[in-house]
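Peer 1: Sharing upload.pdb (PDB, C-alpha atoms) below.
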MODEL        1
ATOM      1  CA  MET A   1       0.000   0.000   0.000
ATOM      2  CA  LYS A   2       1.060   3.594  -0.560
ATOM      3  CA  THR A   3       2.456   5.807   2.185
ATOM      4  CA  GLY A   4      -0.090   7.982   4.015
ATOM      5  CA  LYS A   5      -3.739   7.527   4.853
ATOM      6  CA  ILE A   6      -5.309   4.528   3.181
ATOM      7  CA  SER A   7      -7.650   5.246   0.268
ATOM      8  CA  GLU A   8     -11.392   5.522   0.749
ATOM      9  CA  SER A   9     -11.967   2.363  -1.297
ATOM     10  CA  VAL A  10      -9.579   0.348   0.894
ATOM     11  CA  LEU A  11     -11.141   1.878   4.000
ATOM     12  CA  LYS A  12     -14.619   0.797   2.938
ATOM     13  CA  ARG A  13     -13.868  -2.751   1.823
ATOM     14  CA  SER A  14     -11.135  -3.784   4.292
ATOM     15  CA  VAL A  15     -12.022  -1.810   7.429
ATOM     16  CA  LEU A  16     -15.612  -0.614   7.596
ATOM     17  CA  ARG A  17     -17.092  -3.825   6.200
ATOM     18  CA  GLN A  18     -15.409  -5.765   9.017
ATOM     19  CA  ILE A  19     -17.080  -3.671  11.727
ATOM     20  CA  GLU A  20     -20.430  -4.731  13.108
ATOM     21  CA  ASN A  21     -22.770  -2.406  15.011
ATOM     22  CA  GLN A  22     -23.675  -4.634  17.942
ATOM     23  CA  VAL A  23     -23.464  -2.564  21.142
ATOM     24  CA  GLN A  24     -26.368  -0.239  21.882
ATOM     25  CA  GLU A  25     -24.153   2.200  23.790
ATOM     26  CA  VAL A  26     -22.317   3.104  20.569
ATOM     27  CA  LYS A  27     -24.594   5.751  19.061
ATOM     28  CA  LYS A  28     -22.229   6.884  16.312
ATOM     29  CA  GLY A  29     -19.241   4.836  15.279
ATOM     30  CA  ALA A  30     -16.743   4.375  12.481
ATOM     31  CA  GLY A  31     -17.448   5.838   9.058
ATOM     32  CA  VAL A  32     -15.925   7.724   6.140
ATOM     33  CA  GLY A  33     -15.151  11.262   7.308
ATOM     34  CA  GLY A  34     -16.214  10.470  10.843
ATOM     35  CA  ASP A  35     -13.308  11.107  13.162
ATOM     36  CA  CYS A  36     -15.159  10.929  16.467
ATOM     37  CA  ALA A  37     -17.318   8.211  18.005
ATOM     38  CA  PHE A  38     -20.191   8.957  20.386
ATOM     39  CA  LEU A  39     -21.256   6.688  23.223
ATOM     40  CA  ALA A  40     -24.213   7.009  25.573
ATOM     41  CA  TRP A  41     -25.817   4.857  28.230
ATOM     42  CA  GLU A  42     -28.232   5.063  31.056
ATOM     43  CA  ASN A  43     -26.500   6.227  34.195
ATOM     44  CA  PRO A  44     -27.642   3.976  37.058
ATOM     45  CA  VAL A  45     -28.020   5.415  40.525
ATOM     46  CA  PRO A  46     -24.590   5.107  42.154
ATOM     47  CA  GLY A  47     -24.192   3.324  45.453
ATOM     48  CA  PRO A  48     -22.894   5.005  48.613
ATOM     49  CA  GLY A  49     -19.469   6.504  48.087
ATOM     50  CA  GLU A  50     -19.453   5.666  44.375
ATOM     51  CA  GLU A  51     -19.971   7.485  41.117
ATOM     52  CA  MET A  52     -20.339   6.181  37.584
ATOM     53  CA  GLY A  53     -17.410   6.986  35.322
ATOM     54  CA  VAL A  54     -16.197   6.573  31.762
ATOM     55  CA  ALA A  55     -13.113   4.347  31.700
ATOM     56  CA  ALA A  56     -10.459   4.322  28.979
ATOM     57  CA  SER A  57      -7.260   2.370  28.478
ATOM     58  CA  THR A  58      -4.773   2.121  25.605
ATOM     59  CA  GLN A  59      -2.453  -0.737  24.651
ATOM     60  CA  THR A  60      -0.077  -1.079  21.701
ATOM     61  CA  ILE A  61       1.299  -4.183  20.011
ATOM     62  CA  ALA A  62       4.419  -3.690  17.881
ATOM     63  CA  LEU A  63       5.413  -7.297  17.270
ATOM     64  CA  PRO A  64       5.560  -9.156  13.937
ATOM     65  CA  VAL A  65       2.878 -11.676  14.948
ATOM     66  CA  LYS A  66      -0.321 -12.797  13.241
ATOM     67  CA  ARG A  67      -2.741 -12.118  16.144
ATOM     68  CA  ALA A  68      -1.493  -8.609  16.923
ATOM     69  CA  ALA A  69      -4.852  -6.799  16.668
ATOM     70  CA  TYR A  70      -6.677  -9.415  18.739
ATOM     71  CA  LEU A  71      -4.060  -9.167  21.478
ATOM     72  CA  ALA A  72      -4.089  -5.359  21.474
ATOM     73  CA  VAL A  73      -7.859  -5.251  21.989
ATOM     74  CA  MET A  74      -7.704  -7.956  24.658
ATOM     75  CA  ALA A  75      -4.939  -6.148  26.555
ATOM     76  CA  ALA A  76      -6.818  -2.841  26.575
ATOM     77  CA  ALA A  77     -10.021  -4.550  27.740
ATOM     78  CA  ASN A  78      -8.122  -6.381  30.496
ATOM     79  CA  ASN A  79      -6.893  -3.037  31.823
ATOM     80  CA  LEU A  80     -10.523  -1.950  32.197
ATOM     81  CA  ALA A  81     -11.544  -5.203  33.879
ATOM     82  CA  ALA A  82      -8.691  -4.917  36.379
ATOM     83  CA  ALA A  83      -9.942  -1.435  37.234
ATOM     84  CA  GLY A  84     -13.462  -2.732  37.803
ATOM     85  CA  ALA A  85     -14.892  -1.310  34.570
ATOM     86  CA  HIS A  86     -16.977  -2.960  31.851
ATOM     87  CA  PRO A  87     -15.747  -2.495  28.234
ATOM     88  CA  VAL A  88     -18.216  -1.126  25.687
ATOM     89  CA  ALA A  89     -16.229  -0.010  22.633
ATOM     90  CA  VAL A  90     -12.725   0.119  21.212
ATOM     91  CA  THR A  91     -10.918   2.279  18.684
ATOM     92  CA  LEU A  92      -8.112   0.844  16.567
ATOM     93  CA  SER A  93      -5.139   2.765  15.210
ATOM     94  CA  LEU A  94      -2.908   0.940  12.719
ATOM     95  CA  THR A  95       0.393   2.260  11.383
ATOM     96  CA  LEU A  96       1.632  -0.172   8.746
ATOM     97  CA  PRO A  97       4.856  -0.742   6.796
ATOM     98  CA  GLU A  98       4.804   0.031   3.074
ATOM     99  CA  GLU A  99       4.997  -3.634   2.089
ATOM    100  CA  THR A 100       1.769  -4.474   3.951
ATOM    101  CA  GLN A 101      -0.852  -6.172   1.789
ATOM    102  CA  GLU A 102      -4.483  -5.100   1.991
ATOM    103  CA  GLN A 103      -5.496  -8.622   2.984
ATOM    104  CA  HIS A 104      -3.432  -8.242   6.151
ATOM    105  CA  LEU A 105      -5.205  -5.013   7.046
ATOM    106  CA  ARG A 106      -8.553  -6.720   6.532
ATOM    107  CA  GLU A 107      -7.454  -9.591   8.785
ATOM    108  CA  TRP A 108      -6.335  -7.298  11.615
ATOM    109  CA  VAL A 109      -9.638  -5.438  11.587
ATOM    110  CA  ARG A 110     -11.446  -8.786  11.585
ATOM    111  CA  GLN A 111      -9.379  -9.857  14.608
ATOM    112  CA  GLY A 112     -10.281  -6.692  16.495
ATOM    113  CA  GLY A 113     -13.947  -7.319  15.839
ATOM    114  CA  GLU A 114     -13.623 -10.963  16.869
ATOM    115  CA  CYS A 115     -12.092 -10.054  20.214
ATOM    116  CA  GLY A 116     -14.700  -7.331  20.685
ATOM    117  CA  ARG A 117     -17.566  -9.782  20.161
ATOM    118  CA  GLU A 118     -16.058 -12.156  22.712
ATOM    119  CA  LEU A 119     -15.940  -9.342  25.283
ATOM    120  CA  GLY A 120     -19.230  -7.594  24.444
ATOM    121  CA  MET A 121     -17.690  -4.520  22.828
ATOM    122  CA  GLN A 122     -17.414  -3.208  19.290
ATOM    123  CA  ILE A 123     -15.033  -1.185  17.148
ATOM    124  CA  ALA A 124     -16.282   2.393  17.263
ATOM    125  CA  GLY A 125     -13.609   4.079  15.172
ATOM    126  CA  GLY A 126      -9.895   4.514  14.636
ATOM    127  CA  HIS A 127      -7.255   5.453  12.090
ATOM    128  CA  THR A 128      -5.123   3.600   9.542
ATOM    129  CA  GLU A 129      -2.081   4.808   7.635
ATOM    130  CA  VAL A 130       1.031   3.483   5.926
ATOM    131  CA  SER A 131       4.460   4.764   6.916
ATOM    132  CA  ALA A 132       7.951   4.181   5.574
ATOM    133  CA  LYS A 133       9.204   4.784   9.138
ATOM    134  CA  VAL A 134       7.862   1.537  10.626
ATOM    135  CA  GLN A 135       9.209  -1.956   9.988
ATOM    136  CA  VAL A 136       6.437  -3.918  11.726
ATOM    137  CA  PRO A 137       2.739  -3.136  12.181
ATOM    138  CA  VAL A 138       2.053  -0.850  15.135
ATOM    139  CA  ILE A 139      -1.468  -1.575  16.353
ATOM    140  CA  THR A 140      -2.970   0.502  19.136
ATOM    141  CA  ALA A 141      -6.292  -0.295  20.792
ATOM    142  CA  THR A 142      -8.089   2.161  23.065
ATOM    143  CA  ALA A 143     -10.852   0.471  25.040
ATOM    144  CA  LEU A 144     -13.717   2.569  26.380
ATOM    145  CA  GLY A 145     -16.074   1.412  29.079
ATOM    146  CA  LYS A 146     -18.107   2.264  32.128
ATOM    147  CA  GLY A 147     -17.620   1.522  35.771
ATOM    148  CA  ARG A 148     -18.114   2.648  39.317
ATOM    149  CA  MET A 149     -15.252   4.752  40.613
ATOM    150  CA  GLU A 150     -14.616   4.209  44.300
ATOM    151  CA  THR A 151     -14.500   7.567  46.052
ATOM    152  CA  GLN A 152     -14.464   6.321  49.626
ATOM    153  CA  SER A 153     -11.238   6.328  51.637
ATOM    154  CA  PRO A 154      -8.888   3.383  51.025
ATOM    155  CA  PRO A 155      -8.258   0.892  53.840
ATOM    156  CA  GLU A 156      -6.117   2.173  56.666
ATOM    157  CA  SER A 157      -3.219   0.091  55.369
ATOM    158  CA  PHE A 158      -2.489  -2.136  52.386
ATOM    159  CA  GLN A 159      -0.115  -4.142  54.576
ATOM    160  CA  GLY A 160      -0.900  -7.750  55.433
ATOM    161  CA  LEU A 161      -2.973  -8.419  52.315
ATOM    162  CA  ASP A 162      -2.911 -11.795  50.593
ATOM    163  CA  ILE A 163      -1.738 -11.728  46.975
ATOM    164  CA  VAL A 164      -3.893 -14.008  44.839
ATOM    165  CA  MET A 165      -3.025 -14.822  41.223
ATOM    166  CA  SER A 166      -5.363 -16.300  38.636
ATOM    167  CA  LYS A 167      -4.410 -18.892  36.009
ATOM    168  CA  TRP A 168      -0.731 -19.126  35.024
ATOM    169  CA  ILE A 169       2.208 -16.897  34.177
ATOM    170  CA  GLY A 170       3.584 -16.661  30.639
ATOM    171  CA  MET A 171       0.316 -17.636  28.956
ATOM    172  CA  GLU A 172       0.340 -14.975  26.268
ATOM    173  CA  GLY A 173       4.032 -15.520  25.578
ATOM    174  CA  ALA A 174       3.723 -19.302  25.302
ATOM    175  CA  PHE A 175       0.701 -18.926  23.024
ATOM    176  CA  LEU A 176       2.540 -16.483  20.746
ATOM    177  CA  ILE A 177       5.772 -18.468  20.535
ATOM    178  CA  ALA A 178       4.069 -21.815  19.922
ATOM    179  CA  SER A 179       1.854 -20.244  17.257
ATOM    180  CA  GLU A 180       4.578 -18.330  15.435
ATOM    181  CA  ARG A 181       7.533 -20.716  15.840
ATOM    182  CA  GLU A 182       5.782 -24.077  15.513
ATOM    183  CA  GLN A 183       8.038 -25.623  12.864
ATOM    184  CA  GLU A 184      11.165 -24.683  14.776
ATOM    185  CA  LEU A 185       9.813 -26.096  18.029
ATOM    186  CA  LEU A 186       8.606 -29.343  16.439
ATOM    187  CA  GLY A 187      12.242 -30.286  16.048
ATOM    188  CA  ARG A 188      12.390 -30.871  19.806
ATOM    189  CA  TYR A 189       8.860 -31.108  21.199
ATOM    190  CA  PRO A 190       5.831 -33.256  20.296
ATOM    191  CA  ALA A 191       2.843 -31.616  18.630
ATOM    192  CA  GLY A 192       0.732 -32.259  21.740
ATOM    193  CA  LEU A 193       2.961 -30.077  23.915
ATOM    194  CA  LEU A 194       2.802 -27.220  21.423
ATOM    195  CA  GLY A 195      -0.964 -27.642  21.233
ATOM    196  CA  GLY A 196      -1.100 -27.201  25.009
ATOM    197  CA  ALA A 197       0.944 -24.005  24.726
ATOM    198  CA  ARG A 198      -1.333 -22.621  21.997
ATOM    199  CA  GLU A 199      -4.395 -23.580  24.048
ATOM    200  CA  GLN A 200      -3.457 -20.947  26.610
ATOM    201  CA  GLY A 201      -4.632 -18.348  24.110
ATOM    202  CA  LYS A 202      -8.202 -19.262  25.141
ATOM    203  CA  TYR A 203      -7.673 -17.879  28.639
ATOM    204  CA  LEU A 204      -6.397 -14.366  27.959
ATOM    205  CA  SER A 205      -9.382 -12.425  29.321
ATOM    206  CA  VAL A 206      -9.293 -11.495  33.016
ATOM    207  CA  ALA A 207     -12.899 -10.258  33.040
ATOM    208  CA  PRO A 208     -14.364 -13.415  34.698
ATOM    209  CA  GLU A 209     -12.009 -13.400  37.691
ATOM    210  CA  ALA A 210     -12.177  -9.620  38.045
ATOM    211  CA  ALA A 211     -15.967  -9.823  38.378
ATOM    212  CA  ILE A 212     -15.713 -12.516  41.052
ATOM    213  CA  ALA A 213     -12.991 -10.644  42.920
ATOM    214  CA  GLN A 214     -15.087  -7.477  43.059
ATOM    215  CA  LYS A 215     -17.837  -9.415  44.827
ATOM    216  CA  SER A 216     -15.388 -11.019  47.244
ATOM    217  CA  GLY A 217     -13.933  -7.994  49.006
ATOM    218  CA  VAL A 218     -10.842  -7.383  46.883
ATOM    219  CA  TYR A 219      -8.920  -4.146  47.586
ATOM    220  CA  ALA A 220      -6.846  -3.901  44.403
ATOM    221  CA  MET A 221      -6.339  -5.719  41.103
ATOM    222  CA  HIS A 222      -3.599  -5.607  38.489
ATOM    223  CA  ASP A 223      -3.475  -7.531  35.208
ATOM    224  CA  VAL A 224      -0.153  -9.198  34.550
ATOM    225  CA  ARG A 225       1.275  -8.509  31.119
ATOM    226  CA  CYS A 226       4.487  -6.847  29.840
ATOM    227  CA  GLY A 227       7.449  -7.628  32.080
ATOM    228  CA  GLY A 228       5.756 -10.768  33.341
ATOM    229  CA  ILE A 229       4.860 -11.555  36.928
ATOM    230  CA  PHE A 230       8.030  -9.966  38.324
ATOM    231  CA  GLY A 231       7.208  -6.688  36.585
ATOM    232  CA  ALA A 232       3.599  -6.811  37.765
ATOM    233  CA  LEU A 233       4.579  -7.442  41.396
ATOM    234  CA  TRP A 234       6.918  -4.454  41.318
ATOM    235  CA  GLU A 235       4.171  -2.241  39.896
ATOM    236  CA  VAL A 236       1.621  -3.334  42.521
ATOM    237  CA  SER A 237       4.117  -2.708  45.301
ATOM    238  CA  GLN A 238       4.899   0.775  43.980
ATOM    239  CA  LYS A 239       1.259   1.672  43.440
ATOM    240  CA  LEU A 240       0.157   0.687  46.948
ATOM    241  CA  GLY A 241       3.295   1.829  48.751
ATOM    242  CA  VAL A 242       3.987  -1.514  50.414
ATOM    243  CA  GLY A 243       6.587  -4.236  50.369
ATOM    244  CA  LEU A 244       5.797  -7.822  49.540
ATOM    245  CA  CYS A 245       7.050 -11.352  49.990
ATOM    246  CA  VAL A 246       6.168 -13.992  47.400
ATOM    247  CA  ASN A 247       6.868 -17.724  47.329
ATOM    248  CA  LEU A 248       8.275 -18.579  43.902
ATOM    249  CA  LYS A 249       7.035 -22.181  44.130
ATOM    250  CA  LYS A 250       3.454 -20.985  44.549
ATOM    251  CA  ILE A 251       3.443 -18.935  41.331
ATOM    252  CA  PRO A 252       1.482 -21.102  38.865
ATOM    253  CA  VAL A 253       3.169 -21.906  35.550
ATOM    254  CA  ARG A 254       2.310 -24.590  33.004
ATOM    255  CA  GLN A 255       4.881 -27.122  31.874
ATOM    256  CA  GLU A 256       4.375 -26.150  28.236
ATOM    257  CA  THR A 257       5.471 -22.615  29.082
ATOM    258  CA  ILE A 258       8.586 -23.856  30.869
ATOM    259  CA  GLU A 259       9.561 -26.010  27.878
ATOM    260  CA  VAL A 260       9.069 -23.207  25.357
ATOM    261  CA  CYS A 261      11.082 -20.829  27.547
ATOM    262  CA  GLU A 262      13.934 -23.327  27.885
ATOM    263  CA  PHE A 263      14.144 -23.652  24.089
ATOM    264  CA  TYR A 264      14.747 -19.906  23.692
ATOM    265  CA  ASN A 265      16.544 -19.390  27.019
ATOM    266  CA  LEU A 266      13.788 -17.153  28.386
ATOM    267  CA  ASN A 267      12.885 -16.398  31.993
ATOM    268  CA  PRO A 268       9.181 -17.361  32.332
ATOM    269  CA  TYR A 269       8.811 -14.924  35.232
ATOM    270  CA  GLY A 270       9.655 -12.043  32.912
ATOM    271  CA  LEU A 271       7.533 -13.250  29.983
ATOM    272  CA  ILE A 272       4.412 -11.454  28.765
ATOM    273  CA  SER A 273       1.550 -12.903  30.820
ATOM    274  CA  GLY A 274      -1.757 -11.552  29.545
ATOM    275  CA  GLY A 275      -4.643 -13.490  31.107
ATOM    276  CA  ALA A 276      -3.232 -13.588  34.651
ATOM    277  CA  LEU A 277      -4.638 -11.238  37.298
ATOM    278  CA  LEU A 278      -3.209 -10.199  40.665
ATOM    279  CA  MET A 279      -5.831  -9.589  43.357
ATOM    280  CA  LEU A 280      -5.131  -8.255  46.853
ATOM    281  CA  THR A 281      -7.484  -9.174  49.658
ATOM    282  CA  ARG A 282      -7.566 -10.015  53.348
ATOM    283  CA  GLN A 283      -9.215 -13.363  52.563
ATOM    284  CA  GLY A 284      -6.924 -14.903  49.998
ATOM    285  CA  GLU A 285      -7.868 -18.540  50.470
ATOM    286  CA  TYR A 286     -11.567 -17.675  50.319
ATOM    287  CA  LEU A 287     -11.100 -15.767  47.055
ATOM    288  CA  ALA A 288      -9.026 -18.593  45.573
ATOM    289  CA  GLU A 289     -11.785 -21.046  46.490
ATOM    290  CA  GLN A 290     -14.407 -18.803  44.875
ATOM    291  CA  LEU A 291     -12.380 -18.651  41.679
ATOM    292  CA  GLU A 292     -11.706 -22.383  41.643
ATOM    293  CA  GLY A 293     -15.424 -23.000  42.136
ATOM    294  CA  ALA A 294     -16.051 -20.991  38.983
ATOM    295  CA  GLY A 295     -13.523 -23.061  37.046
ATOM    296  CA  ILE A 296     -10.706 -20.468  37.225
ATOM    297  CA  SER A 297      -7.351 -21.704  38.496
ATOM    298  CA  ALA A 298      -6.040 -19.515  41.338
ATOM    299  CA  ALA A 299      -3.407 -19.521  44.084
ATOM    300  CA  VAL A 300      -2.308 -17.392  47.036
ATOM    301  CA  ILE A 301       1.312 -16.579  46.171
ATOM    302  CA  GLY A 302       2.356 -14.166  48.913
ATOM    303  CA  LYS A 303       1.592 -11.222  51.190
ATOM    304  CA  THR A 304       2.169  -7.490  51.391
ATOM    305  CA  ASN A 305       4.083  -5.988  54.321
ATOM    306  CA  GLY A 306       5.285  -2.711  55.770
ATOM    307  CA  SER A 307       8.797  -2.771  54.342
ATOM    308  CA  ASN A 308      10.099  -1.311  51.096
ATOM    309  CA  ASP A 309      11.462  -4.671  49.951
ATOM    310  CA  LYS A 310       9.966  -6.719  47.154
ATOM    311  CA  ILE A 311      11.122 -10.235  47.909
ATOM    312  CA  VAL A 312      10.690 -13.531  46.061
ATOM    313  CA  CYS A 313      11.672 -16.588  48.111
ATOM    314  CA  ASN A 314      12.629 -19.973  46.682
ATOM    315  CA  LYS A 315      13.450 -22.379  49.493
ATOM    316  CA  ASP A 316      16.604 -20.908  51.092
ATOM    317  CA  GLU A 317      17.203 -18.399  48.297
ATOM    318  CA  THR A 318      15.944 -14.819  48.357
ATOM    319  CA  ARG A 319      15.640 -12.502  45.371
ATOM    320  CA  TYR A 320      14.969  -8.773  45.562
ATOM    321  CA  LEU A 321      12.889  -7.512  42.667
ATOM    322  CA  GLY A 322      14.001  -4.442  40.745
ATOM    323  CA  PRO A 323      12.112  -2.167  38.353
ATOM    324  CA  PRO A 324      10.616  -3.874  35.290
ATOM    325  CA  VAL A 325      12.964  -4.627  32.382
ATOM    326  CA  PRO A 326      12.126  -5.270  28.701
ATOM    327  CA  ASP A 327       9.886  -8.283  28.287
ATOM    328  CA  GLU A 328      11.468 -11.633  27.434
ATOM    329  CA  ILE A 329       9.250 -11.913  24.341
ATOM    330  CA  TYR A 330      11.515  -9.442  22.524
ATOM    331  CA  LYS A 331      14.291 -12.032  22.534
ATOM    332  CA  VAL A 332      12.138 -14.090  20.179
ATOM    333  CA  PHE A 333      10.361 -11.366  18.196
ATOM    334  CA  GLN A 334      12.443  -8.323  17.441
ATOM    335  CA  ALA A 335      10.066  -5.351  16.986
TER     336      ALA A 335
ENDMDL
END
As C-alpha cells, please, write out the structure in this file.

Peer 2:
Amino acid sequence: MKTGKISESVLKRSVLRQIENQVQEVKKGAGVGGDCAFLAWENPVPGPGEEMGVAASTQTIALPVKRAAYLAVMAAANNLAAAGAHPVAVTLSLTLPEETQEQHLREWVRQGGECGRELGMQIAGGHTEVSAKVQVPVITATALGKGRMETQSPPESFQGLDIVMSKWIGMEGAFLIASEREQELLGRYPAGLLGGAREQGKYLSVAPEAAIAQKSGVYAMHDVRCGGIFGALWEVSQKLGVGLCVNLKKIPVRQETIEVCEFYNLNPYGLISGGALLMLTRQGEYLAEQLEGAGISAAVIGKTNGSNDKIVCNKDETRYLGPPVPDEIYKVFQA
C-alpha cells in the first residue's frame, strides 16, 4: 500500500465492512469522514461513596505476529476489567509498513472485531495509515467502558494483604511463541505439547475473575502482562506503597510454558503474561476457592508488608525484585 492515509476504497472494503454495530451504547461509530465516536448509556443510581465513570485504556502491540490486533484489543479490555470497569467499545489505530498487503489489514480489523464480540464490545472508530518509518505493524487499541469509581477512603493500610493470582504466568508468551515458531519447536517437542501451549490463548481475558474478585472484598487488582509476573509485582508494590514477599514455588506456571522458555533461554517470570490477574485481599484462600469454584485456576502466592522490599523466596534463596525490564518476548520477536 502507498504511504499515508489509506484510500477511501480500501477503507470501505477492508475496514468498515469488518465492523459490526452490535453494542447499543455506541450511538455513532466508524465511518468515512467520521473522526469521532459517540457513546451514551443510562447512568444507574450510584451506590454510597461511588460514582459512575467513563473508563479508557490504551495498549499497543508492535510485534511481527499474526494475532497482533486481537491481542491489542484484549490487553486494553483487560486493563478496564482490572480497574473494575466494563468495556463497551474500542478504537483501533494501525500504522503499517509500506509492504503491507491489503489482505493483512482486513485480517487485523477482523481480529479486532472478533475479540470485541467475545468481550461484548465493538469497534467504534480509529485510524489507519502506511508509513515508511515503521518496519512492523504498530497496532494501538483504546478500550472505552463504564464503571463505578470508588470515592471512599482506602483501607487504613495495604499491609498484610494476601496476593492471589489467577491462572498461570507466561500464557500470552507461550501462546505467541508456539503459534509463530511451531516448525522450529517441532524439532524438539511433540505436537501435543505445542498444542497445550497454543491452548493458553483461550484464557487471555481477566474479566471473569475480576468480576468474582469485586464481589469477594478485593482491595486492588492488576493484570499481569508486559514484564511478566516480576514486573507486575513491582508495579503493585509501587502503586500501593507496600513491600511484599512472594513464594516462587506458589506462582502457577504450566509445563508447556517452561519447555518453550527453555528452548529460547527465556525467563518465564519475565515473559508477557496476559490473562493472569493479581488480586489483593484479606481473605486470599476464600477468594481462591471462589475462583476455583467458577472453574478459574487460582493460588495465594504471597503477602504485602510494611517494608520497602519486594522479595521472592525460593526455598533458602531470596531474590529482591528491581524495576521492570524489557519483556522476554523481545528475545524471540524483534520489533

Peer 1: What does the distance between CA of Leu161 (chain A) and CA of Met279 (chain A) come to in Å, to one decimal place?

Peer 2: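 Between these atoms lies a distance of 9.5 Å.
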
Peer 1: Could you give me, as a short mmCIF file (atom, residue, chain, number, x, y, z; two decimals) with C-alpha atoms, in the frame of the given file, the residues within 9 Å of Ser14 (chain A), counting only C-alpha atoms and dropping anything in the same chain fewer than 5 positions from it?

Peer 2:
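Okay, part_0.cif is ready:
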data_model
loop_
_atom_site.label_atom_id
_atom_site.label_comp_id
_atom_site.auth_asym_id
_atom_site.auth_seq_id
_atom_site.Cartn_x
_atom_site.Cartn_y
_atom_site.Cartn_z
CA SER A 9 -11.97 2.36 -1.30
CA GLU A 102 -4.48 -5.10 1.99
CA GLN A 103 -5.50 -8.62 2.98
CA LEU A 105 -5.20 -5.01 7.05
CA ARG A 106 -8.55 -6.72 6.53
CA GLU A 107 -7.45 -9.59 8.78
CA VAL A 109 -9.64 -5.44 11.59
CA ARG A 110 -11.45 -8.79 11.58
#

Peer 1: Considering all atoms listed in the file, can you say which of A:Leu94, A:Leu63, A:Ile251, A:Met121 comes closest to Leu277 (chain A)?

Peer 2: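 Closest residue, counting all atoms listed in the file: A:Ile251.
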
Peer 1: Which residues of region 236-319 of chain A come within 10 Å of region 204-218 of chain A, and for each one, what is the closest pair of atoms and their distance in Å to one decimal, counting only C-alpha atoms, sorted by chain and residue number, as a Markdown table?

Peer 2:
| residue | atom | partner | partner_atom | distance |
| --- | --- | --- | --- | --- |
| A:Ser273 | CA | A:Leu204 | CA | 8.6 |
| A:Gly274 | CA | A:Leu204 | CA | 5.7 |
| A:Gly275 | CA | A:Leu204 | CA | 3.7 |
| A:Ala276 | CA | A:Val206 | CA | 6.6 |
| A:Leu277 | CA | A:Val206 | CA | 6.3 |
| A:Leu278 | CA | A:Ala210 | CA | 9.4 |
| A:Met279 | CA | A:Val218 | CA | 6.5 |
| A:Leu280 | CA | A:Val218 | CA | 5.8 |
| A:Thr281 | CA | A:Val218 | CA | 4.7 |
| A:Arg282 | CA | A:Val218 | CA | 7.7 |
| A:Gln283 | CA | A:Gly217 | CA | 8.0 |
| A:Gly284 | CA | A:Val218 | CA | 9.0 |
| A:Tyr286 | CA | A:Ser216 | CA | 8.3 |
| A:Leu287 | CA | A:Ser216 | CA | 6.4 |
| A:Ala288 | CA | A:Ala213 | CA | 9.3 |
| A:Gln290 | CA | A:Ile212 | CA | 7.5 |
| A:Leu291 | CA | A:Glu209 | CA | 6.6 |
| A:Glu292 | CA | A:Glu209 | CA | 9.8 |
| A:Ala294 | CA | A:Glu209 | CA | 8.7 |
| A:Gly295 | CA | A:Glu209 | CA | 9.8 |
| A:Ile296 | CA | A:Glu209 | CA | 7.2 |
| A:Ser297 | CA | A:Glu209 | CA | 9.6 |
| A:Ala298 | CA | A:Glu209 | CA | 9.3 |

Peer 1: I'd like to know which of A:Val164, A:Leu248, A:Ile169, A:Val332 is closest to Thr304 (chain A), using all atoms listed in the file.

Peer 2: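 Among the listed residues, A:Val164 lies closest to Thr304 (chain A).
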